[in-house]
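Data file: data.tsv. Format and content: TSV, C-alpha atoms.
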```tsv
chain	number	residue	atom	x	y	z
A	25	MET	CA	-43.94	37.56	-85.98
A	26	ALA	CA	-47.70	38.13	-85.69
A	27	TYR	CA	-48.35	34.84	-87.49
A	28	LYS	CA	-45.95	32.98	-85.17
A	29	ALA	CA	-47.57	34.52	-82.09
A	30	LEU	CA	-51.02	33.51	-83.33
A	31	HIS	CA	-49.73	30.00	-84.00
A	32	TRP	CA	-48.49	29.57	-80.42
A	33	PHE	CA	-51.67	31.13	-79.04
A	34	LEU	CA	-53.82	28.61	-80.92
A	35	LEU	CA	-51.53	25.74	-79.95
A	36	ALA	CA	-51.78	26.66	-76.27
A	37	HIS	CA	-55.56	26.71	-76.48
A	38	LEU	CA	-55.64	23.35	-78.26
A	39	LEU	CA	-53.47	21.85	-75.53
A	40	LEU	CA	-55.74	23.39	-72.92
A	41	LEU	CA	-58.80	21.84	-74.56
A	42	GLN	CA	-57.01	18.49	-74.80
A	43	ILE	CA	-56.26	18.49	-71.08
A	44	ALA	CA	-59.82	19.52	-70.26
A	45	ASN	CA	-61.28	16.76	-72.44
A	46	THR	CA	-58.86	14.12	-71.18
A	47	TYR	CA	-59.24	14.74	-67.48
A	48	ALA	CA	-62.81	16.07	-67.35
A	49	ARG	CA	-63.10	18.42	-64.39
A	50	VAL	CA	-60.06	17.31	-62.36
A	51	PRO	CA	-56.74	17.22	-64.22
A	52	ALA	CA	-54.59	16.50	-61.14
A	53	ILE	CA	-54.73	15.38	-57.49
A	54	ILE	CA	-52.51	17.36	-55.11
A	55	VAL	CA	-52.01	16.00	-51.60
A	56	PHE	CA	-50.98	17.49	-48.26
A	57	GLY	CA	-50.93	15.88	-44.84
A	58	ASP	CA	-49.44	13.13	-42.68
A	59	SER	CA	-48.85	9.36	-42.81
A	60	THR	CA	-52.44	8.68	-43.89
A	61	VAL	CA	-51.49	10.09	-47.30
A	62	ASP	CA	-47.66	10.18	-47.41
A	63	SER	CA	-46.59	8.18	-50.47
A	64	GLY	CA	-42.88	8.27	-49.65
A	65	ASN	CA	-41.60	11.74	-48.79
A	66	ASN	CA	-40.24	10.60	-45.42
A	67	ASN	CA	-37.87	8.28	-47.30
A	68	GLN	CA	-35.88	11.36	-48.26
A	69	ILE	CA	-35.63	13.13	-44.89
A	70	SER	CA	-33.70	12.40	-41.70
A	71	THR	CA	-36.30	10.84	-39.44
A	72	LEU	CA	-36.87	7.52	-37.71
A	73	LEU	CA	-40.46	7.48	-38.97
A	74	LYS	CA	-40.17	5.52	-42.22
A	75	SER	CA	-41.86	2.59	-43.89
A	76	ASN	CA	-39.71	1.98	-46.97
A	77	PHE	CA	-38.93	-1.61	-45.99
A	78	GLU	CA	-40.72	-4.95	-45.88
A	79	PRO	CA	-43.33	-6.00	-44.95
A	80	TYR	CA	-44.73	-2.53	-45.79
A	81	GLY	CA	-45.83	-2.52	-49.41
A	82	ARG	CA	-46.00	-6.30	-49.70
A	83	ASP	CA	-49.37	-6.02	-51.52
A	84	PHE	CA	-48.40	-2.91	-53.50
A	85	PHE	CA	-47.69	-3.17	-57.24
A	86	GLY	CA	-44.67	-5.45	-57.55
A	87	GLY	CA	-44.68	-6.10	-53.80
A	88	GLN	CA	-42.39	-3.16	-53.21
A	89	PRO	CA	-42.25	-0.95	-50.08
A	90	THR	CA	-42.61	2.68	-51.15
A	91	GLY	CA	-42.80	4.61	-47.90
A	92	ARG	CA	-46.58	4.30	-47.71
A	93	PHE	CA	-47.69	3.28	-44.22
A	94	SER	CA	-49.72	0.32	-45.39
A	95	ASN	CA	-49.39	-3.08	-47.01
A	96	GLY	CA	-50.43	-1.45	-50.29
A	97	ARG	CA	-52.06	1.68	-51.58
A	98	ILE	CA	-53.36	4.56	-49.49
A	99	PRO	CA	-56.68	6.45	-49.87
A	100	THR	CA	-55.36	9.17	-52.15
A	101	ASP	CA	-54.12	6.57	-54.64
A	102	PHE	CA	-57.64	5.15	-54.85
A	103	VAL	CA	-59.15	8.62	-55.22
A	104	SER	CA	-56.80	9.39	-58.10
A	105	GLU	CA	-57.77	6.14	-59.80
A	106	ALA	CA	-61.48	6.81	-59.25
A	107	PHE	CA	-61.10	10.16	-60.99
A	108	GLY	CA	-59.55	8.39	-63.98
A	109	ILE	CA	-56.15	10.01	-63.57
A	110	LYS	CA	-53.62	7.37	-62.44
A	111	PRO	CA	-53.44	4.51	-59.92
A	112	ILE	CA	-50.83	6.03	-57.61
A	113	ILE	CA	-49.77	9.53	-56.59
A	114	PRO	CA	-45.98	9.94	-56.38
A	115	ALA	CA	-44.13	11.64	-53.55
A	116	TYR	CA	-42.67	15.03	-54.42
A	117	LEU	CA	-39.28	14.23	-52.87
A	118	ASP	CA	-38.96	10.87	-54.64
A	119	PRO	CA	-36.03	11.31	-57.07
A	120	THR	CA	-37.37	8.64	-59.44
A	121	TYR	CA	-40.21	10.97	-60.50
A	122	ASP	CA	-40.17	14.39	-62.11
A	123	ILE	CA	-42.55	17.11	-63.27
A	124	ARG	CA	-43.89	14.92	-66.07
A	125	GLU	CA	-45.47	12.60	-63.52
A	126	PHE	CA	-46.21	15.37	-61.02
A	127	ALA	CA	-48.26	17.29	-63.61
A	128	THR	CA	-51.23	14.96	-63.01
A	129	GLY	CA	-50.76	14.40	-59.30
A	130	VAL	CA	-48.23	14.87	-56.54
A	131	CYS	CA	-47.98	14.27	-52.80
A	132	PHE	CA	-46.32	16.68	-50.36
A	133	ALA	CA	-47.40	14.86	-47.17
A	134	SER	CA	-45.01	13.81	-44.43
A	135	ALA	CA	-45.72	11.00	-41.98
A	136	GLY	CA	-45.72	12.13	-38.37
A	137	THR	CA	-46.49	15.76	-39.05
A	138	GLY	CA	-49.44	17.81	-37.84
A	139	TYR	CA	-51.06	21.20	-38.05
A	140	ASP	CA	-48.94	22.24	-35.07
A	141	ASN	CA	-45.23	22.83	-35.78
A	142	ALA	CA	-44.46	21.27	-32.39
A	143	THR	CA	-45.91	17.99	-33.66
A	144	SER	CA	-43.47	17.77	-36.56
A	145	ASP	CA	-40.60	18.37	-34.13
A	146	VAL	CA	-41.40	15.20	-32.16
A	147	LEU	CA	-40.01	12.87	-34.84
A	148	SER	CA	-38.12	15.45	-36.94
A	149	VAL	CA	-40.45	15.28	-39.92
A	150	MET	CA	-41.55	17.88	-42.43
A	151	PRO	CA	-43.69	20.64	-40.85
A	152	PHE	CA	-47.01	21.45	-42.47
A	153	TRP	CA	-45.83	24.88	-43.66
A	154	LYS	CA	-42.90	23.24	-45.48
A	155	GLU	CA	-45.35	21.21	-47.55
A	156	LEU	CA	-46.78	24.48	-48.82
A	157	GLU	CA	-43.31	25.78	-49.65
A	158	TYR	CA	-42.67	22.69	-51.76
A	159	TYR	CA	-46.03	23.27	-53.44
A	160	LYS	CA	-44.94	26.79	-54.45
A	161	GLU	CA	-41.78	25.29	-55.92
A	162	TYR	CA	-43.93	22.77	-57.78
A	163	GLN	CA	-46.09	25.57	-59.22
A	164	GLN	CA	-43.01	27.19	-60.74
A	165	ASP	CA	-41.85	23.89	-62.24
A	166	LEU	CA	-45.31	23.19	-63.64
A	167	ARG	CA	-45.47	26.60	-65.33
A	168	GLU	CA	-42.07	26.01	-66.89
A	169	TYR	CA	-43.21	22.58	-68.10
A	170	LEU	CA	-46.70	23.40	-69.38
A	171	GLY	CA	-46.57	27.15	-69.87
A	172	ASN	CA	-48.43	29.64	-67.71
A	173	GLU	CA	-51.88	29.27	-69.21
A	174	ILE	CA	-52.11	25.49	-69.15
A	175	ALA	CA	-50.38	25.26	-65.76
A	176	ASN	CA	-52.78	27.78	-64.26
A	177	PHE	CA	-55.69	25.78	-65.65
A	178	VAL	CA	-54.35	22.59	-64.05
A	179	LEU	CA	-53.69	24.31	-60.71
A	180	GLY	CA	-57.11	25.90	-60.69
A	181	GLU	CA	-59.03	22.76	-61.65
A	182	ALA	CA	-56.96	20.26	-59.62
A	183	LEU	CA	-58.45	18.60	-56.55
A	184	TYR	CA	-56.50	19.34	-53.38
A	185	LEU	CA	-56.71	16.70	-50.64
A	186	ILE	CA	-55.65	17.49	-47.06
A	187	SER	CA	-55.47	14.73	-44.42
A	188	ILE	CA	-53.85	15.64	-41.12
A	189	GLY	CA	-54.48	16.15	-37.40
A	190	THR	CA	-54.38	12.82	-35.55
A	191	ASN	CA	-50.69	13.21	-34.65
A	192	ASP	CA	-51.37	16.57	-33.02
A	193	PHE	CA	-53.35	14.74	-30.35
A	194	LEU	CA	-51.86	11.25	-30.07
A	195	GLU	CA	-48.21	12.15	-30.66
A	196	ASN	CA	-48.17	15.60	-29.12
A	197	TYR	CA	-51.00	16.86	-26.89
A	198	TYR	CA	-51.63	13.65	-24.93
A	199	VAL	CA	-47.95	12.66	-24.70
A	200	LEU	CA	-45.89	15.81	-24.20
A	201	PRO	CA	-46.47	18.53	-21.58
A	202	GLN	CA	-45.97	21.69	-23.67
A	203	ARG	CA	-49.35	21.98	-25.38
A	204	SER	CA	-51.43	20.28	-22.68
A	205	SER	CA	-50.14	22.76	-20.10
A	206	GLN	CA	-50.72	25.66	-22.48
A	207	PHE	CA	-54.18	24.74	-23.83
A	208	SER	CA	-57.31	22.95	-22.74
A	209	VAL	CA	-58.45	20.33	-25.25
A	210	GLU	CA	-61.00	22.71	-26.75
A	211	GLU	CA	-58.48	25.54	-26.92
A	212	TYR	CA	-56.05	23.25	-28.70
A	213	GLN	CA	-58.76	22.22	-31.15
A	214	ASN	CA	-59.41	25.89	-31.89
A	215	PHE	CA	-55.69	26.50	-32.28
A	216	LEU	CA	-55.41	23.69	-34.83
A	217	ALA	CA	-58.55	24.77	-36.68
A	218	GLY	CA	-57.07	28.24	-37.00
A	219	ILE	CA	-53.95	26.79	-38.62
A	220	ALA	CA	-56.14	24.75	-40.96
A	221	GLY	CA	-58.05	27.86	-41.97
A	222	ASN	CA	-54.86	29.81	-42.66
A	223	PHE	CA	-53.44	26.94	-44.73
A	224	ILE	CA	-56.56	26.66	-46.87
A	225	THR	CA	-56.71	30.43	-47.34
A	226	GLU	CA	-53.11	30.48	-48.52
A	227	LEU	CA	-53.82	27.59	-50.91
A	228	TYR	CA	-56.76	29.59	-52.23
A	229	ASN	CA	-54.58	32.66	-52.71
A	230	LEU	CA	-52.19	30.48	-54.71
A	231	GLY	CA	-55.00	29.46	-57.08
A	232	ALA	CA	-56.59	26.36	-55.52
A	233	ARG	CA	-60.37	26.19	-55.75
A	234	LYS	CA	-61.39	22.55	-55.27
A	235	ILE	CA	-60.27	21.50	-51.80
A	236	SER	CA	-61.13	18.61	-49.50
A	237	ILE	CA	-60.06	18.65	-45.87
A	238	SER	CA	-60.30	15.39	-43.97
A	239	GLY	CA	-61.69	15.05	-40.49
A	240	LEU	CA	-60.14	12.88	-37.79
A	241	PRO	CA	-60.82	9.14	-37.58
A	242	PRO	CA	-62.13	7.46	-34.40
A	243	MET	CA	-58.61	7.68	-33.02
A	244	GLY	CA	-59.52	6.05	-29.74
A	245	CYS	CA	-60.06	2.81	-31.66
A	246	LEU	CA	-56.59	2.63	-33.22
A	247	PRO	CA	-54.89	-0.59	-32.04
A	248	LEU	CA	-52.16	1.35	-30.23
A	249	GLU	CA	-54.75	3.31	-28.26
A	250	ARG	CA	-56.64	0.13	-27.39
A	251	THR	CA	-53.41	-1.48	-26.22
A	252	THR	CA	-52.78	1.37	-23.79
A	253	ASN	CA	-56.34	0.87	-22.56
A	254	ILE	CA	-55.65	-2.74	-21.56
A	255	LEU	CA	-56.82	-2.26	-17.96
A	256	SER	CA	-60.26	-1.48	-19.34
A	257	GLY	CA	-60.31	-4.57	-21.49
A	258	GLY	CA	-58.65	-3.08	-24.56
A	259	VAL	CA	-61.80	-1.34	-25.73
A	260	CYS	CA	-61.80	1.92	-27.69
A	261	LYS	CA	-60.93	5.05	-25.75
A	262	GLU	CA	-64.22	6.86	-26.07
A	263	GLU	CA	-62.84	10.14	-24.72
A	264	ARG	CA	-60.37	10.18	-27.63
A	265	ASN	CA	-63.20	9.47	-30.06
A	266	ALA	CA	-65.20	12.31	-28.55
A	267	VAL	CA	-62.29	14.70	-29.09
A	268	ALA	CA	-62.08	13.59	-32.74
A	269	LYS	CA	-65.82	14.14	-33.24
A	270	ASP	CA	-65.66	17.58	-31.61
A	271	PHE	CA	-62.72	18.60	-33.78
A	272	ASN	CA	-64.55	17.40	-36.88
A	273	GLU	CA	-67.45	19.65	-35.95
A	274	LYS	CA	-65.05	22.58	-35.76
A	275	LEU	CA	-63.74	21.69	-39.22
A	276	LYS	CA	-67.33	21.52	-40.45
A	277	GLY	CA	-67.91	25.07	-39.21
A	278	LEU	CA	-64.61	26.21	-40.71
A	279	THR	CA	-65.60	24.73	-44.07
A	280	ALA	CA	-68.91	26.58	-44.04
A	281	ASP	CA	-67.23	29.87	-43.08
A	282	LEU	CA	-64.54	29.68	-45.76
A	283	ASN	CA	-67.07	28.78	-48.45
A	284	LYS	CA	-68.80	32.06	-47.62
A	285	GLN	CA	-65.64	34.14	-47.30
A	286	LEU	CA	-63.59	33.01	-50.31
A	287	PRO	CA	-65.32	33.64	-53.66
A	288	GLY	CA	-65.24	30.66	-56.01
A	289	ILE	CA	-63.84	28.17	-53.51
A	290	ARG	CA	-65.43	24.71	-53.34
A	291	LEU	CA	-64.30	23.37	-49.99
A	292	VAL	CA	-65.66	20.11	-48.61
A	293	LEU	CA	-65.12	18.17	-45.39
A	294	SER	CA	-64.33	14.54	-46.21
A	295	ASN	CA	-64.93	12.83	-42.90
A	296	PRO	CA	-63.62	9.25	-42.49
A	297	TYR	CA	-64.91	8.96	-38.93
A	298	ASP	CA	-68.28	7.30	-39.52
A	299	ILE	CA	-67.26	4.82	-42.22
A	300	LEU	CA	-64.18	3.67	-40.27
A	301	LEU	CA	-66.15	3.34	-37.04
A	302	GLU	CA	-68.78	1.34	-38.91
A	303	MET	CA	-66.06	-1.04	-40.09
A	304	ILE	CA	-64.68	-1.36	-36.56
A	305	GLN	CA	-68.11	-2.06	-35.06
A	306	ASN	CA	-69.26	-4.40	-37.87
A	307	PRO	CA	-66.09	-5.94	-39.34
A	308	GLU	CA	-67.79	-9.05	-40.71
A	309	PHE	CA	-70.13	-6.96	-42.85
A	310	PHE	CA	-67.09	-5.59	-44.71
A	311	GLY	CA	-65.33	-8.95	-44.92
A	312	PHE	CA	-62.91	-8.43	-42.04
A	313	GLU	CA	-62.17	-10.83	-39.21
A	314	ASP	CA	-60.34	-8.57	-36.77
A	315	ALA	CA	-60.91	-4.93	-35.85
A	316	ALA	CA	-59.06	-4.70	-32.53
A	317	ILE	CA	-55.53	-5.65	-33.51
A	318	ALA	CA	-53.41	-5.02	-36.58
A	319	CYS	CA	-51.88	-7.40	-39.09
A	320	CYS	CA	-48.24	-6.50	-38.56
A	321	GLY	CA	-46.45	-8.16	-35.64
A	322	THR	CA	-48.58	-8.79	-32.59
A	323	GLY	CA	-50.92	-6.09	-33.88
A	324	LEU	CA	-50.82	-4.30	-30.54
A	325	PHE	CA	-48.09	-1.67	-30.77
A	326	GLU	CA	-45.85	-2.22	-33.80
A	327	MET	CA	-45.35	0.59	-36.30
A	328	SER	CA	-42.49	1.71	-38.57
A	329	TYR	CA	-39.26	-0.16	-37.68
A	330	LEU	CA	-41.07	-2.32	-35.10
A	331	CYS	CA	-43.16	-3.61	-37.98
A	332	SER	CA	-40.28	-5.48	-39.53
A	333	LYS	CA	-39.88	-8.38	-41.92
A	334	ILE	CA	-38.36	-10.58	-39.21
A	335	ASN	CA	-41.35	-10.25	-36.88
A	336	PRO	CA	-42.80	-13.80	-36.83
A	337	PHE	CA	-46.28	-12.73	-35.71
A	338	THR	CA	-47.29	-10.77	-38.83
A	339	CYS	CA	-50.46	-12.09	-40.41
A	340	SER	CA	-50.48	-13.84	-43.78
A	341	ASP	CA	-53.62	-12.16	-45.15
A	342	ALA	CA	-53.95	-8.42	-44.50
A	343	ASN	CA	-57.41	-8.39	-46.10
A	344	LYS	CA	-58.79	-9.93	-42.91
A	345	TYR	CA	-57.68	-6.93	-40.89
A	346	ILE	CA	-58.89	-3.34	-40.72
A	347	PHE	CA	-55.48	-2.13	-39.57
A	348	TRP	CA	-52.11	-2.91	-41.06
A	349	ASP	CA	-49.97	-1.63	-38.18
A	350	SER	CA	-51.00	-0.21	-34.82
A	351	PHE	CA	-51.77	3.19	-36.35
A	352	HIS	CA	-52.59	2.73	-40.04
A	353	PRO	CA	-55.26	0.91	-42.07
A	354	THR	CA	-54.71	-1.89	-44.54
A	355	GLU	CA	-54.98	-1.34	-48.28
A	356	LYS	CA	-58.44	-2.93	-48.22
A	357	THR	CA	-59.63	-0.46	-45.57
A	358	ASN	CA	-58.08	2.44	-47.47
A	359	GLY	CA	-59.96	1.40	-50.58
A	360	ILE	CA	-63.28	1.24	-48.74
A	361	ILE	CA	-62.75	4.66	-47.17
A	362	ALA	CA	-61.75	6.20	-50.51
A	363	ASP	CA	-64.73	4.66	-52.29
A	364	HIS	CA	-67.07	6.04	-49.62
A	365	LEU	CA	-65.61	9.54	-49.91
A	366	VAL	CA	-65.63	9.53	-53.73
A	367	LYS	CA	-69.31	8.58	-53.70
A	368	SER	CA	-70.20	11.18	-51.07
A	369	THR	CA	-68.31	14.40	-50.43
A	370	LEU	CA	-65.99	14.19	-53.43
A	371	ALA	CA	-68.73	13.24	-55.90
A	372	GLU	CA	-69.42	16.86	-56.84
A	373	PHE	CA	-65.94	17.10	-58.38
A	374	LEU	CA	-66.41	14.09	-60.67
A	375	TRP	CA	-68.80	15.69	-63.17
```

Would you give me this structure, written as structure tokens?
Amino acid sequence: MAYKALHWFLLAHLLLLQIANTYARVPAIIVFGDSTVDSGNNNQISTLLKSNFEPYGRDFFGGQPTGRFSNGRIPTDFVSEAFGIKPIIPAYLDPTYDIREFATGVCFASAGTGYDNATSDVLSVMPFWKELEYYKEYQQDLREYLGNEIANFVLGEALYLISIGTNDFLENYYVLPQRSSQFSVEEYQNFLAGIAGNFITELYNLGARKISISGLPPMGCLPLERTTNILSGGVCKEERNAVAKDFNEKLKGLTADLNKQLPGIRLVLSNPYDILLEMIQNPEFFGFEDAAIACCGTGLFEMSYLCSKINPFTCSDANKYIFWDSFHPTEKTNGIIADHLVKSTLAEFLW
């Protein structure tokens, strides 16, 4: 019995070393958030907010729509590839994948959700807290698959990516009366930052140590926002951009505070604001031809089911556009953003 126990002990350690050598410092990418990083979870829930139909995914591997809100891959796919893990991160609710694929990366994100539970109610999508519940379920499955020691190593060394928050403002606060009558903009920002802090702390308590939280993009420059600003010439809504920048500053402060409060955590703010704004202001430099409208449909307002295969106005080459639909970037844009983040805030996790 002692010999057999020693045998399994040594085998576990050999497997642990193999994983460490194979995947360097990040053995898995684990994703939480909204449509910016949802790789298909909304396909499996009862909501109108889906993208598992053409022309979504037309430039994805095999030209297949997957539920990603883009013509191809999304930023987290590119990050996973840059870390040498795999070219795409599967959705946790996708029945065609199982724990074997999830062991090196999994996505819990749900398009349309936000920090605020009221945001997820708007389009009946998965609330942010539910993503964490699925993650706990995943932890159990991973421990059954790899054993406690190896699973705990993977969970502790994995890189956790969080991208969420735009919907709280554009789908909730500025559209519906509940939160705007309850909070000023700054109060709402503080409310959301508090939820972010609690989420990260709970992730930490569950074993996460390497965490990236994404800031908001220049949301006033999304094609849909510019369309609603038509009386001003369709320019970016600078007040929306200012709110995004202010919220990002609050996340920056939160990141600094949690790095001091939680021993061993390595929390970074991966801010897409500046690089995306640079693309919007200087599209030709990045090889784009249009920054104001999207590729799909007229490029002014279409998203989800309005971005359909039968729409005759959809562009033929998405690489000329920064945005795929009125809310989401093209695969080319996603790749540029991911490359920028990997070479900046995420670089410390590569070596």

Kindly list the centre and edge lengths in Å, rounded to one decimal, for the axis-aligned box that covers all listed atoms of range 261-276 of chain A plus 6 Å on each of its six sides, as lines of an AutoDock Vina configuration file.
```
center_x = -63.9
center_y = 13.8
center_z = -32.6
size_x = 19.1
size_y = 29.5
size_z = 27.7
```

Give me the range 212-267 of chain A side of the contact with range 353-373 of chain A, cut-off 12 Å, one line per residue showing its nearest atom pair and distance in Å at one decimal, counting only C-alpha atoms, sorted by chain and residue number, as a Markdown table.
```
| residue | atom | partner | partner_atom | distance |
| --- | --- | --- | --- | --- |
| A:Arg233 | CA | A:Phe373 | CA | 11.0 |
| A:Lys234 | CA | A:Phe373 | CA | 7.8 |
| A:Ile235 | CA | A:Leu370 | CA | 9.4 |
| A:Ser236 | CA | A:Leu370 | CA | 7.7 |
| A:Ile237 | CA | A:Thr369 | CA | 10.3 |
| A:Ser238 | CA | A:Leu365 | CA | 9.9 |
| A:Gly239 | CA | A:Leu365 | CA | 11.6 |
| A:Pro241 | CA | A:Ile361 | CA | 10.8 |
| A:Met243 | CA | A:Pro353 | CA | 11.8 |
| A:Cys245 | CA | A:Pro353 | CA | 11.6 |
| A:Leu246 | CA | A:Pro353 | CA | 9.1 |
| A:Pro247 | CA | A:Pro353 | CA | 10.1 |
```

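Within 6 Å of range 48-63 of chain A there are Gly91, Arg92, Ala115, Thr128, Gly129, Val130, Cys131, Phe132, Ala133, Ser134, Ala135, Gly136, Thr137, Val178, Glu181, Ala182, Leu183, Tyr184, Leu185, Ile186, Ser187 and Ile188 of chain A, counting only C-alpha atoms and ignoring same-chain residues fewer than 5 positions away.
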
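CA of Arg82 in chain A lies 5.4 Å from CA of Asn95 in chain A.
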
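Our summary of the geometry notes that CA of Asp349 in chain A is positioned 8.3 Å from CA of Ile317 in chain A.
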